[in-house]
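A.B. asks: See run.csv below, with CSV, C-alpha atoms and all ligand atoms.
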```csv
chain,number,residue,atom,x,y,z
A,253,MET,CA,87.7,-3.8,120.1
A,254,LEU,CA,87.0,-0.6,122.0
A,255,ASP,CA,83.5,0.8,121.9
A,256,LYS,CA,82.2,-2.0,119.7
A,257,GLN,CA,80.0,-3.5,122.3
A,258,LEU,CA,76.8,-5.2,121.2
A,259,LEU,CA,74.4,-5.5,124.2
A,260,MET,CA,72.1,-8.4,123.6
A,261,ILE,CA,70.7,-8.8,127.1
A,262,PRO,CA,67.1,-8.2,128.2
A,263,GLY,CA,68.0,-4.9,130.0
A,264,PRO,CA,69.8,-2.6,129.9
A,265,THR,CA,69.2,-2.5,126.2
A,266,PRO,CA,71.1,-0.6,123.5
A,267,VAL,CA,70.4,3.2,123.3
A,268,PRO,CA,70.2,4.9,119.9
A,269,ALA,CA,72.6,7.8,119.1
A,270,ARG,CA,69.6,10.2,118.8
A,271,VAL,CA,68.7,9.5,122.4
A,272,LEU,CA,72.3,9.7,123.7
A,273,HIS,CA,72.6,13.1,122.0
A,274,ALA,CA,69.3,14.3,123.4
A,275,MET,CA,70.7,13.5,126.9
A,276,ALA,CA,74.0,15.3,126.4
A,277,LYS,CA,72.8,18.7,127.5
A,278,HIS,CA,72.8,20.9,130.6
A,279,PRO,CA,69.8,20.0,132.8
A,280,ILE,CA,67.0,22.5,133.0
A,281,GLY,CA,64.9,23.4,136.0
A,282,HIS,CA,62.0,21.0,136.4
A,283,ARG,CA,59.6,23.8,137.5
A,284,SER,CA,60.3,25.7,134.3
A,285,LYS,CA,57.8,26.3,131.4
A,286,ALA,CA,60.2,24.4,129.1
A,287,TYR,CA,60.1,21.3,131.3
A,288,GLY,CA,56.3,21.5,131.5
A,289,LYS,CA,56.2,21.3,127.7
A,290,ILE,CA,58.4,18.2,127.7
A,291,GLN,CA,56.3,16.6,130.4
A,292,GLU,CA,53.2,17.2,128.4
A,293,GLU,CA,54.7,15.6,125.4
A,294,ILE,CA,56.0,12.5,127.2
A,295,THR,CA,52.8,11.9,129.0
A,296,ALA,CA,50.8,12.0,125.7
A,297,ASN,CA,53.3,9.7,124.1
A,298,LEU,CA,53.4,7.3,127.1
A,299,ASN,CA,49.6,7.1,126.9
A,300,TRP,CA,49.9,6.3,123.2
A,301,LEU,CA,52.5,3.5,123.9
A,302,HIS,CA,50.2,2.1,126.6
A,303,GLN,CA,47.1,2.4,124.5
A,304,THR,CA,45.4,4.2,127.3
A,305,GLN,CA,43.4,7.4,127.9
A,306,HIS,CA,44.6,7.6,131.6
A,307,ASN,CA,47.9,9.4,132.2
A,308,VAL,CA,50.8,7.1,132.7
A,309,GLN,CA,53.0,8.0,135.7
A,310,ALA,CA,56.7,8.2,135.4
A,311,LEU,CA,58.7,7.5,138.5
A,312,THR,CA,62.5,7.8,139.3
A,313,VAL,CA,62.9,4.1,140.0
A,314,SER,CA,63.9,0.9,138.2
A,315,GLY,CA,61.2,-1.6,137.1
A,316,THR,CA,61.0,-3.1,140.6
A,317,GLY,CA,60.2,0.3,142.0
A,318,ALA,CA,57.4,0.7,139.5
A,319,MET,CA,56.0,-2.7,140.5
A,320,GLU,CA,56.3,-1.9,144.2
A,321,ALA,CA,54.3,1.3,143.6
A,322,GLY,CA,51.8,-0.7,141.6
A,323,ILE,CA,51.3,-3.1,144.5
A,324,ILE,CA,51.3,-0.8,147.5
A,325,ASN,CA,49.1,2.0,146.2
A,326,PHE,CA,46.0,-0.1,145.8
A,327,LEU,CA,46.0,-2.6,148.7
A,328,SER,CA,45.9,-2.8,152.5
A,329,ALA,CA,47.6,-5.0,155.0
A,330,GLY,CA,45.9,-8.4,155.2
A,331,ASP,CA,44.4,-8.2,151.7
A,332,ARG,CA,44.4,-11.5,149.9
A,333,VAL,CA,46.3,-11.6,146.6
A,334,LEU,CA,47.2,-14.2,144.0
A,335,VAL,CA,50.7,-14.0,142.6
A,336,GLY,CA,51.8,-15.9,139.5
A,337,CYS,CA,55.2,-17.4,140.0
A,338,ASN,CA,57.1,-19.1,137.2
A,339,GLY,CA,60.4,-17.2,137.4
A,340,LYS,CA,62.6,-14.8,139.2
A,341,PHE,CA,60.3,-11.8,138.7
A,342,GLY,CA,57.0,-13.5,139.7
A,343,ASP,CA,58.8,-14.7,142.9
A,344,ARG,CA,59.9,-11.1,143.6
A,345,TRP,CA,56.4,-9.7,143.5
A,346,GLY,CA,55.3,-12.5,145.9
A,347,ASP,CA,58.2,-11.4,148.2
A,348,ILE,CA,57.3,-7.7,148.1
A,349,ALA,CA,53.6,-8.5,148.7
A,350,GLU,CA,54.6,-10.6,151.8
A,351,LYS,CA,56.9,-7.8,153.1
A,352,TYR,CA,53.9,-5.5,153.1
A,353,GLY,CA,51.8,-7.9,155.1
A,354,LEU,CA,49.5,-9.0,152.3
A,355,GLN,CA,48.1,-12.5,152.4
A,356,VAL,CA,49.9,-14.0,149.5
A,357,GLU,CA,48.9,-17.2,147.6
A,358,ARG,CA,51.4,-18.1,145.0
A,359,ILE,CA,50.2,-19.9,141.8
A,360,ASN,CA,53.4,-21.7,140.8
A,361,ALA,CA,54.5,-23.2,137.5
A,362,GLU,CA,57.8,-24.8,136.7
A,363,TRP,CA,60.4,-22.3,135.4
A,364,GLY,CA,60.3,-22.5,131.6
A,365,LYS,CA,56.5,-23.3,131.6
A,366,PRO,CA,53.7,-20.8,131.5
A,367,LEU,CA,51.3,-20.1,134.3
A,368,ASP,CA,48.1,-22.2,134.1
A,369,VAL,CA,45.1,-19.9,133.5
A,370,ALA,CA,42.8,-22.6,134.9
A,371,GLU,CA,44.4,-22.4,138.3
A,372,PHE,CA,43.6,-18.7,138.4
A,373,GLN,CA,40.1,-19.3,137.2
A,374,SER,CA,39.3,-21.9,139.9
A,375,LYS,CA,40.8,-19.9,142.7
A,376,LEU,CA,38.9,-16.8,141.6
A,377,GLU,CA,35.6,-18.7,141.0
A,378,ALA,CA,35.9,-20.3,144.4
A,379,ASP,CA,36.2,-16.9,146.1
A,380,LYS,CA,32.5,-16.2,146.7
A,381,GLU,CA,33.2,-13.7,149.5
A,382,LYS,CA,35.3,-11.6,147.0
A,383,GLU,CA,38.3,-11.6,149.4
A,384,ILE,CA,40.9,-11.7,146.6
A,385,LYS,CA,41.8,-8.0,146.1
A,386,ALA,CA,44.4,-8.4,143.4
A,387,VAL,CA,46.1,-10.8,141.0
A,388,ILE,CA,49.7,-10.0,140.3
A,389,VAL,CA,51.1,-11.4,137.0
A,390,THR,CA,54.4,-11.1,135.1
A,391,HIS,CA,53.5,-10.9,131.4
A,392,SER,CA,56.9,-11.7,129.9
A,393,GLU,CA,59.0,-13.6,132.5
A,394,THR,CA,62.4,-12.4,131.5
A,395,SER,CA,64.3,-15.0,133.6
A,396,THR,CA,63.0,-17.9,131.5
A,397,GLY,CA,61.9,-16.2,128.2
A,398,VAL,CA,58.3,-17.4,128.8
A,399,LEU,CA,55.3,-15.3,127.9
A,400,ASN,CA,52.3,-15.8,130.2
A,401,ASP,CA,48.8,-15.7,128.9
A,402,LEU,CA,47.9,-12.3,130.3
A,403,GLU,CA,44.7,-12.1,128.3
A,404,GLY,CA,43.4,-15.4,129.6
A,405,ILE,CA,44.3,-14.6,133.2
A,406,ASN,CA,42.8,-11.2,132.9
A,407,LYS,CA,39.5,-12.7,131.7
A,408,ALA,CA,39.3,-14.8,134.9
A,409,VAL,CA,40.0,-11.6,136.9
A,410,LYS,CA,37.3,-9.8,135.1
A,411,ALA,CA,34.8,-12.6,135.7
A,412,HIS,CA,35.6,-12.3,139.5
A,413,GLY,CA,34.7,-8.6,139.3
A,414,GLU,CA,36.4,-7.4,142.5
A,415,ALA,CA,40.1,-8.2,142.2
A,416,LEU,CA,42.5,-5.8,140.4
A,417,ILE,CA,45.0,-7.1,137.9
A,418,ILE,CA,48.5,-5.8,138.5
A,419,VAL,CA,50.8,-6.5,135.6
A,420,ASP,CA,54.6,-6.6,135.3
A,421,ALA,CA,54.9,-5.6,131.6
A,422,VAL,CA,58.5,-4.7,132.0
A,423,THR,CA,59.7,-6.8,129.0
A,424,SER,CA,56.4,-6.9,127.1
A,425,LEU,CA,55.5,-3.2,126.9
A,426,GLY,CA,57.1,-1.8,123.7
A,427,ALA,CA,57.8,-5.3,122.3
A,428,MET,CA,54.2,-6.5,121.8
A,429,SER,CA,50.7,-5.1,122.1
A,430,VAL,CA,49.6,-4.5,125.7
A,431,PRO,CA,46.2,-2.9,125.2
A,432,VAL,CA,45.7,-1.4,128.6
A,433,ASP,CA,42.3,0.2,128.2
A,434,GLU,CA,40.8,-2.4,125.8
A,435,TRP,CA,41.6,-5.3,128.2
A,436,GLY,CA,40.9,-3.2,131.2
A,437,LEU,CA,44.3,-3.8,132.8
A,438,ASP,CA,44.2,-2.0,136.1
A,439,VAL,CA,47.8,-1.5,136.9
A,440,VAL,CA,50.7,-2.0,134.4
A,441,ALA,CA,54.3,-1.4,135.3
A,442,SER,CA,57.4,-1.1,133.1
A,443,GLY,CA,60.9,0.2,133.1
A,444,ALA,CA,63.2,2.5,131.1
A,445,GLN,CA,66.1,0.2,130.3
A,446,LYS,CA,63.9,-2.5,128.6
A,447,GLY,CA,61.6,-1.6,125.7
A,448,TYR,CA,62.0,2.2,126.0
A,449,MET,CA,65.5,2.4,124.4
A,450,ILE,CA,66.8,4.6,127.2
A,451,PRO,CA,69.3,3.9,130.0
A,452,PRO,CA,68.0,2.7,133.4
A,453,GLY,CA,66.4,5.1,136.0
A,454,LEU,CA,62.8,5.6,135.1
A,455,GLY,CA,59.8,3.3,135.9
A,456,PHE,CA,56.3,3.7,134.5
A,457,VAL,CA,52.9,2.8,136.0
A,458,ALA,CA,49.6,2.9,134.0
A,459,VAL,CA,46.6,3.0,136.3
A,460,GLY,CA,43.0,2.5,135.3
A,461,GLU,CA,39.8,4.0,136.9
A,462,LYS,CA,39.0,0.9,139.0
A,463,ALA,CA,42.5,1.0,140.5
A,464,TRP,CA,42.2,4.7,141.3
A,465,LYS,CA,39.0,3.9,143.1
A,466,ALA,CA,40.9,1.2,145.2
A,467,TYR,CA,43.6,3.8,145.9
A,468,GLU,CA,41.1,5.9,147.9
A,469,THR,CA,40.7,3.2,150.5
A,470,ALA,CA,44.1,1.5,150.4
A,471,THR,CA,46.1,1.9,153.6
A,472,LEU,CA,49.6,0.5,152.9
A,473,PRO,CA,52.2,3.2,153.8
A,474,LYS,CA,53.8,5.1,150.9
A,475,TYR,CA,55.3,8.5,150.3
A,476,TYR,CA,57.8,8.7,147.5
A,477,LEU,CA,55.9,6.0,145.6
A,478,ASP,CA,52.5,7.5,146.4
A,479,LEU,CA,50.9,7.5,143.0
A,480,GLY,CA,48.3,10.0,144.0
A,481,LEU,CA,51.0,12.7,144.4
A,482,HIS,CA,52.4,11.8,141.0
A,483,ARG,CA,49.0,11.8,139.4
A,484,LYS,CA,48.2,15.3,140.6
A,485,ALA,CA,51.5,16.6,139.3
A,486,THR,CA,51.3,14.8,136.0
A,487,ALA,CA,47.9,16.3,135.4
A,488,LYS,CA,49.5,19.8,135.6
A,489,ASN,CA,52.4,18.7,133.4
A,490,SER,CA,54.7,18.7,136.4
A,491,THR,CA,56.4,16.2,138.6
A,492,ALA,CA,56.0,15.5,142.3
A,493,PHE,CA,59.8,15.3,142.9
A,494,THR,CA,62.9,16.2,140.9
A,495,PRO,CA,62.9,14.0,137.9
A,496,PRO,CA,66.1,12.6,136.3
A,497,ILE,CA,65.9,15.5,133.8
A,498,ASN,CA,68.5,14.3,131.3
A,499,LEU,CA,67.0,10.9,131.2
A,500,VAL,CA,63.7,12.6,130.5
A,501,PHE,CA,65.3,14.3,127.5
A,502,GLY,CA,66.3,10.8,126.3
A,503,LEU,CA,62.8,9.5,126.9
A,504,GLN,CA,61.3,12.4,124.9
A,505,GLU,CA,63.5,11.5,122.0
A,506,ALA,CA,63.0,7.7,122.3
A,507,LEU,CA,59.2,8.1,122.3
A,508,ARG,CA,59.4,10.3,119.2
A,509,MET,CA,61.4,7.5,117.5
A,510,MET,CA,58.8,5.0,118.5
A,511,LYS,CA,56.0,7.1,117.1
A,512,GLU,CA,57.9,7.5,113.9
A,513,GLU,CA,58.3,3.7,113.7
A,514,GLY,CA,54.7,3.1,114.7
A,515,LEU,CA,53.2,0.6,117.2
A,516,GLU,CA,52.4,-2.1,114.7
A,517,ASN,CA,55.9,-1.9,113.1
A,518,ILE,CA,57.5,-2.1,116.5
A,519,PHE,CA,55.6,-5.2,117.4
A,520,THR,CA,56.2,-6.9,114.0
A,521,ARG,CA,60.0,-6.2,114.4
A,522,HIS,CA,60.1,-7.9,117.8
A,523,ASN,CA,58.1,-10.8,116.6
A,524,ARG,CA,60.5,-11.3,113.7
A,525,LEU,CA,63.6,-11.0,115.9
A,526,LYS,CA,62.1,-13.6,118.2
A,527,LYS,CA,61.3,-16.0,115.4
A,528,ALA,CA,64.7,-15.5,113.7
A,529,SER,CA,66.5,-16.0,117.0
A,530,ARG,CA,64.7,-19.2,117.8
A,531,ALA,CA,65.1,-20.6,114.2
A,532,GLY,CA,68.9,-19.7,114.2
A,533,VAL,CA,69.5,-21.3,117.6
A,534,LYS,CA,67.7,-24.5,116.6
A,535,ALA,CA,69.6,-24.7,113.3
A,536,LEU,CA,72.9,-24.5,115.3
A,537,GLY,CA,71.8,-27.7,117.2
A,538,LEU,CA,71.1,-25.9,120.5
A,539,SER,CA,68.0,-26.5,122.5
A,540,LEU,CA,65.6,-23.8,123.4
A,541,PHE,CA,64.4,-23.4,126.9
A,542,GLY,CA,60.6,-23.0,126.7
A,543,ALA,CA,58.2,-23.8,123.9
A,544,ASP,CA,57.7,-21.7,120.8
A,545,GLU,CA,54.0,-21.2,121.6
A,546,VAL,CA,54.9,-19.3,124.8
A,547,ALA,CA,58.0,-17.5,123.7
A,548,SER,CA,58.6,-14.0,124.8
A,549,PRO,CA,59.2,-11.4,122.1
A,550,ALA,CA,61.9,-9.8,124.2
A,551,VAL,CA,64.3,-12.6,125.1
A,552,THR,CA,65.2,-16.1,123.9
A,553,ALA,CA,66.5,-18.6,126.5
A,554,VAL,CA,68.8,-21.3,125.3
A,555,MET,CA,69.7,-24.5,127.1
A,556,PRO,CA,72.8,-26.0,125.6
A,557,THR,CA,73.5,-29.6,126.4
A,558,ASP,CA,77.0,-30.4,125.0
A,559,VAL,CA,78.7,-27.1,125.7
A,560,GLU,CA,78.7,-25.1,128.9
A,561,ALA,CA,76.4,-22.1,128.7
A,562,GLU,CA,78.8,-19.9,130.6
A,563,LYS,CA,81.6,-20.8,128.1
A,564,ILE,CA,79.4,-19.7,125.2
A,565,ARG,CA,78.7,-16.5,127.0
A,566,SER,CA,82.3,-15.7,127.9
A,567,THR,CA,83.6,-16.6,124.3
A,568,MET,CA,80.9,-14.4,122.8
A,569,GLN,CA,82.0,-11.6,125.0
A,570,GLN,CA,85.8,-12.0,124.6
A,571,LYS,CA,85.9,-12.7,120.9
A,572,PHE,CA,83.0,-10.6,119.6
A,573,ASP,CA,82.1,-8.0,122.3
A,574,ILE,CA,78.6,-9.4,122.3
A,575,SER,CA,77.0,-9.5,125.8
A,576,LEU,CA,74.4,-12.3,126.4
A,577,ALA,CA,72.7,-12.8,129.7
A,578,GLY,CA,73.2,-15.9,131.9
A,579,GLY,CA,70.7,-17.9,133.8
A,580,GLN,CA,69.3,-16.8,137.2
A,581,ASN,CA,68.9,-18.7,140.4
A,582,HIS,CA,68.9,-22.5,139.7
A,583,LEU,CA,69.3,-21.8,136.0
A,584,LYS,CA,72.6,-20.2,136.5
A,585,GLY,CA,75.1,-22.0,134.3
A,586,LYS,CA,72.4,-24.0,132.7
A,587,ILE,CA,70.9,-21.5,130.2
A,588,PHE,CA,72.0,-18.3,128.4
A,589,ARG,CA,69.6,-15.7,127.2
A,590,ILE,CA,69.6,-13.5,124.0
A,591,GLY,CA,67.9,-10.2,124.5
A,592,HIS,CA,66.2,-8.8,121.4
A,593,LEU,CA,64.3,-5.9,123.0
A,594,GLY,CA,64.2,-2.2,122.2
A,595,PHE,CA,66.8,-0.8,119.9
A,596,VAL,CA,67.6,-4.1,118.2
A,597,CYS,CA,67.4,-4.8,114.4
A,598,GLU,CA,67.6,-7.7,112.1
A,599,ARG,CA,71.3,-7.1,111.5
A,600,ASP,CA,72.0,-7.5,115.2
A,601,THR,CA,70.3,-10.9,115.2
A,602,LEU,CA,72.2,-12.0,112.1
A,603,THR,CA,75.4,-10.9,113.8
A,604,VAL,CA,74.6,-12.9,116.9
A,605,MET,CA,73.9,-16.0,114.9
A,606,ALA,CA,77.2,-15.7,113.0
A,607,ALA,CA,79.1,-15.1,116.2
A,608,LEU,CA,77.3,-17.9,118.0
A,609,GLU,CA,78.3,-20.3,115.2
A,610,ALA,CA,81.9,-19.3,115.4
A,611,THR,CA,81.8,-19.6,119.2
A,612,LEU,CA,80.4,-23.1,119.0
A,613,GLN,CA,83.1,-24.2,116.5
A,614,GLU,CA,85.7,-22.7,118.8
A,615,LEU,CA,84.3,-24.8,121.6
A,616,GLY,CA,84.5,-27.9,119.5
A,617,GLN,CA,80.8,-28.1,118.6
A,618,ASN,CA,80.4,-29.0,115.0
A,619,ASN,CA,77.0,-30.7,114.7
A,620,PHE,CA,75.5,-28.3,112.2
A,621,THR,CA,76.0,-27.2,108.6
A,622,PRO,CA,78.3,-24.2,108.4
A,623,GLY,CA,76.1,-21.1,108.1
A,624,ALA,CA,73.0,-22.8,109.3
A,625,GLY,CA,72.2,-20.3,112.0
A,626,VAL,CA,72.4,-17.3,109.8
A,627,ALA,CA,70.5,-19.1,107.0
A,628,ALA,CA,67.6,-20.0,109.3
A,629,ALA,CA,67.4,-16.5,110.7
A,630,ASN,CA,67.6,-15.1,107.2
A,631,GLN,CA,64.8,-17.3,106.1
A,632,VAL,CA,62.5,-15.8,108.7
A,633,PHE,CA,63.5,-12.3,107.7
A,634,ALA,CA,62.9,-13.1,104.0
A,635,GLY,CA,59.4,-14.4,104.8
B,701,LIG,C1,64.0,-6.1,134.3
B,701,LIG,C2,62.7,-6.6,134.8
B,701,LIG,C3,62.1,-6.1,136.0
B,701,LIG,C4,62.7,-4.9,136.7
B,701,LIG,O1,64.0,-5.1,137.2
B,701,LIG,P1,64.8,-3.8,137.7
B,701,LIG,O2,66.2,-4.3,137.8
B,701,LIG,O3,64.2,-3.3,138.9
B,701,LIG,O4,64.6,-2.7,136.6
B,701,LIG,C5,60.9,-6.5,136.4
B,701,LIG,N1,60.3,-7.5,135.7
B,701,LIG,C6,60.8,-8.1,134.6
B,701,LIG,C7,60.0,-9.1,133.9
B,701,LIG,C8,62.1,-7.6,134.1
B,701,LIG,O5,62.6,-8.2,133.0
```
Can you turn what I pasted into structure tokens?
C.D. replies:
Amino acid sequence: MLDKQLLMIPGPTPVPARVLHAMAKHPIGHRSKAYGKIQEEITANLNWLHQTQHNVQALTVSGTGAMEAGIINFLSAGDRVLVGCNGKFGDRWGDIAEKYGLQVERINAEWGKPLDVAEFQSKLEADKEKEIKAVIVTHSETSTGVLNDLEGINKAVKAHGEALIIVDAVTSLGAMSVPVDEWGLDVVASGAQKGYMIPPGLGFVAVGEKAWKAYETATLPKYYLDLGLHRKATAKNSTAFTPPINLVFGLQEALRMMKEEGLENIFTRHNRLKKASRAGVKALGLSLFGADEVASPAVTAVMPTDVEAEKIRSTMQQKFDISLAGGQNHLKGKIFRIGHLGFVCERDTLTVMAALEATLQELGQNNFTPGAGVAAANQVFAG
């Protein structure tokens, strides 16, 4: 049916009508007083969302651009960095770091498994010369649905003392608590089309004091992504370059909605969506990819054995207008992923479970009690 699309992928995520309406306006000049007021409000609210006292920088980039900015502003060619790689995004940060001439050591884990904190610990402890300048970690690895132990890895980084921690929080920020100041996370990157409930086009970077100190001596080339330029402008409630003004209108409204809901409620909602999705999928006789203990609050990866993942996805799309994500790289065709990030509610999850059941039946899969998926999800919501 036309205009009845249910977007259940881990980005772009659904956008509330309030946000769409806020964007449907003529742009205003970004050097105007009116824009300055908006910038002031969004900076305050971004700081609230990041649980930080330091101004968060908004850039006109996707999440990858925010991470690239987070890497190149604080390092110099030849610097030694550790990069956690257990999925598509971790691999990407390793590739970017290599392109810029950093000395990259990848700490690998199998896709679907979390990074091993002890490996970071032993590498960092062995580095008596303090040559490791940064540890780059993906918190919620969207390609596999695995949540890495950011707190544990961060503790090892803090014990080292010299290295910065640079975090891809693209699908954890706004879905679970990422206490930037409390944990002393140096650089935290995220993107609009994930937990922010707005369309793609903005990236965000939170930067702590230690990272700003490293910025002073970092020599990798940068211009558009030079966070020092952005920092100066943000401090004056301005922007270094022309911002995507209508998207900023949307961001302003989305942040207001988040404040109305409250941080704890947002995190609780995502946790319930995660648990209900996992319970529903299991009750329908499908296997989850990745263990419950390391499950991302933003996305649930499913590895069906008796039905083709891509058949499930295409049937869900054709019959029910529900978009699910496929697998990436070697997981293409092997898994599908249900996004439950941002503007997603319990009704959406119940809908997905009901449609998934009908889809499995259509594909000849009947090894479950009718209604089992919805019932299991419901049980989580009732608890
Ligand atoms: C979506 C995503 C990104 C950013 O991807 P873009 O397409 O550049 O926005 C980075 N990391 C993770 C974990 C993501 O899910």
A.B. asks: Excluding His522 in chain A and its own-chain neighbours fewer than 3 positions away, which residues fall within 8 Å of it when counting only C-alpha atoms? Please give them as a PyMOL selection string.
C.D. replies: chain A and resi 427-428+518-519+525-526+549-550+592-593
A.B. asks: For a quick check of understanding, using all atoms listed in the file, which of A:Thr469, A:Asn400, A:Asn498, A:Gln569 has the smallest distance to ligand LIG 701 (chain B)?
C.D. replies: A:Asn400
A.B. asks: Could you check the closest approach to ligand LIG 701 (chain B) for each of A:Lys340, A:Lys351, A:His482, A:Lys488 and tell me which residue wins, using all atoms listed in the file?
C.D. replies: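 Between A:Lys340, A:Lys351, A:His482, A:Lys488, the residue approaching ligand LIG 701 (chain B) most closely is A:Lys340.
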A.B. asks: Grab me every residue within 7 Å of ligand LIG 701 (chain B), counting all atoms listed in the file, and send it over as number ranges by chain.
C.D. replies: A: 262-263, 314-317, 341, 390, 392-394, 420-423, 443, 446
A.B. asks: Pick the closest to Ala441 in chain A from A:Pro622, A:Pro473, A:Gly578, A:Gly322: which is it, counting all atoms listed in the file?
C.D. replies: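 For Ala441 in chain A, the nearest of the given residues is A:Gly322.
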A.B. asks: Any idea what the distance is between CA of Met555 in chain A and CA of Thr611 in chain A?
C.D. replies: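 A separation of 15.3 Å between them.
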A.B. asks: If you take all atoms listed in the file and a cut-off of 8 Å, which residues of range 381-497 of chain A touch range 532-542 of chain A, and what are their nearest atom pairs and distances in Å to one decimal, in chain and number order, as a tab-separated table?
C.D. replies:
```
residue	atom	partner	partner_atom	distance
A:Thr396	CA	A:Phe541	CA	7.3
A:Gly397	CA	A:Gly542	CA	7.1
A:Val398	CA	A:Gly542	CA	6.4
```
A.B. asks: My list of candidates is A:Ala606, A:Met449, A:Ala466, A:Gln580. Which is closest to Leu259 in chain A when distances are computed with only C-alpha atoms?
C.D. replies: A:Met449
A.B. asks: One decimal, in Å: what's the spacing between CA of Leu576 in chain A and CA of Gly591 in chain A?
C.D. replies: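 Computing it gives 7.1 Å between the two atoms.
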A.B. asks: Enter the distance from CA of Lys465 in chain A to CA of Ile294 in chain A, in Å, rounded to one decimal.
C.D. replies: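 Rounded to one decimal, the two atoms are 24.8 Å apart.
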A.B. asks: Contacts of Ile405 in chain A at 12 Å or less, counting all atoms listed in the file, minus same-chain residues fewer than 2 places along, as a PDB file with C-alpha atoms, keeping the file's coordinate frame?
C.D. replies:
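Result saved to result13.pdb:
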```
ATOM      1  CA  LEU A 334      47.200 -14.200 144.000  1.00  0.00           C
ATOM      2  CA  VAL A 335      50.700 -14.000 142.600  1.00  0.00           C
ATOM      3  CA  GLY A 336      51.800 -15.900 139.500  1.00  0.00           C
ATOM      4  CA  ILE A 359      50.200 -19.900 141.800  1.00  0.00           C
ATOM      5  CA  PRO A 366      53.700 -20.800 131.500  1.00  0.00           C
ATOM      6  CA  LEU A 367      51.300 -20.100 134.300  1.00  0.00           C
ATOM      7  CA  ASP A 368      48.100 -22.200 134.100  1.00  0.00           C
ATOM      8  CA  VAL A 369      45.100 -19.900 133.500  1.00  0.00           C
ATOM      9  CA  ALA A 370      42.800 -22.600 134.900  1.00  0.00           C
ATOM     10  CA  GLU A 371      44.400 -22.400 138.300  1.00  0.00           C
ATOM     11  CA  PHE A 372      43.600 -18.700 138.400  1.00  0.00           C
ATOM     12  CA  GLN A 373      40.100 -19.300 137.200  1.00  0.00           C
ATOM     13  CA  SER A 374      39.300 -21.900 139.900  1.00  0.00           C
ATOM     14  CA  LYS A 375      40.800 -19.900 142.700  1.00  0.00           C
ATOM     15  CA  LEU A 376      38.900 -16.800 141.600  1.00  0.00           C
ATOM     16  CA  ALA A 386      44.400  -8.400 143.400  1.00  0.00           C
ATOM     17  CA  VAL A 387      46.100 -10.800 141.000  1.00  0.00           C
ATOM     18  CA  ILE A 388      49.700 -10.000 140.300  1.00  0.00           C
ATOM     19  CA  VAL A 389      51.100 -11.400 137.000  1.00  0.00           C
ATOM     20  CA  THR A 390      54.400 -11.100 135.100  1.00  0.00           C
ATOM     21  CA  HIS A 391      53.500 -10.900 131.400  1.00  0.00           C
ATOM     22  CA  ASN A 400      52.300 -15.800 130.200  1.00  0.00           C
ATOM     23  CA  ASP A 401      48.800 -15.700 128.900  1.00  0.00           C
ATOM     24  CA  LEU A 402      47.900 -12.300 130.300  1.00  0.00           C
ATOM     25  CA  GLU A 403      44.700 -12.100 128.300  1.00  0.00           C
ATOM     26  CA  LYS A 407      39.500 -12.700 131.700  1.00  0.00           C
ATOM     27  CA  ALA A 408      39.300 -14.800 134.900  1.00  0.00           C
ATOM     28  CA  VAL A 409      40.000 -11.600 136.900  1.00  0.00           C
ATOM     29  CA  LYS A 410      37.300  -9.800 135.100  1.00  0.00           C
ATOM     30  CA  ALA A 411      34.800 -12.600 135.700  1.00  0.00           C
ATOM     31  CA  HIS A 412      35.600 -12.300 139.500  1.00  0.00           C
ATOM     32  CA  ALA A 415      40.100  -8.200 142.200  1.00  0.00           C
ATOM     33  CA  LEU A 416      42.500  -5.800 140.400  1.00  0.00           C
ATOM     34  CA  ILE A 417      45.000  -7.100 137.900  1.00  0.00           C
ATOM     35  CA  ILE A 418      48.500  -5.800 138.500  1.00  0.00           C
ATOM     36  CA  VAL A 419      50.800  -6.500 135.600  1.00  0.00           C
ATOM     37  CA  TRP A 435      41.600  -5.300 128.200  1.00  0.00           C
ATOM     38  CA  LEU A 437      44.300  -3.800 132.800  1.00  0.00           C
TER      39      LEU A 437
END
```
A.B. asks: Hey, what's within 6 Å of range 432-434 of chain A if we count all atoms listed in the file and toss same-chain stuff fewer than 2 positions away? As JSON, numbers by chain, please?
C.D. replies: {"A": [303, 304, 430, 436, 437]}
A.B. asks: Compile the contact shell of range 305-308 of chain A as a PyMOL selection string: residues with an atom at most 12 Å away, counting only C-alpha atoms, same-chain residues fewer than 3 positions apart removed.
C.D. replies: chain A and resi 291-302+311+318+322+431-434+436-442+455-464+479-480+482-489
A.B. asks: Which one of A:Val333, A:Thr471, A:Thr552, A:Trp345 sits closest to Glu414 in chain A if you count only C-alpha atoms?
C.D. replies: A:Val333
A.B. asks: Between A:Ile324, A:Met568, A:Ala547, A:Met275, which is the closest to Tyr475 in chain A once you count all atoms listed in the file?
C.D. replies: A:Ile324
A.B. asks: Can you pull out the residues contacting Ser328 in chain A? Cut-off 8 Å, using only C-alpha atoms, and skip same-chain residues under 5 positions away; I want them as a list of chain:residue names.
C.D. replies: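 The filter keeps A:Leu354, A:Ala470, A:Thr471, A:Leu472.
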A.B. asks: Go ahead and dump the residues you just picked, C-alpha atoms, as a PDB file, in the coordinates of the input.
C.D. replies:
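result-v3.pdb, written as the output of this step:
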```
ATOM      1  CA  LEU A 354      49.500  -9.000 152.300  1.00  0.00           C
ATOM      2  CA  ALA A 470      44.100   1.500 150.400  1.00  0.00           C
ATOM      3  CA  THR A 471      46.100   1.900 153.600  1.00  0.00           C
ATOM      4  CA  LEU A 472      49.600   0.500 152.900  1.00  0.00           C
TER       5      LEU A 472
END
```
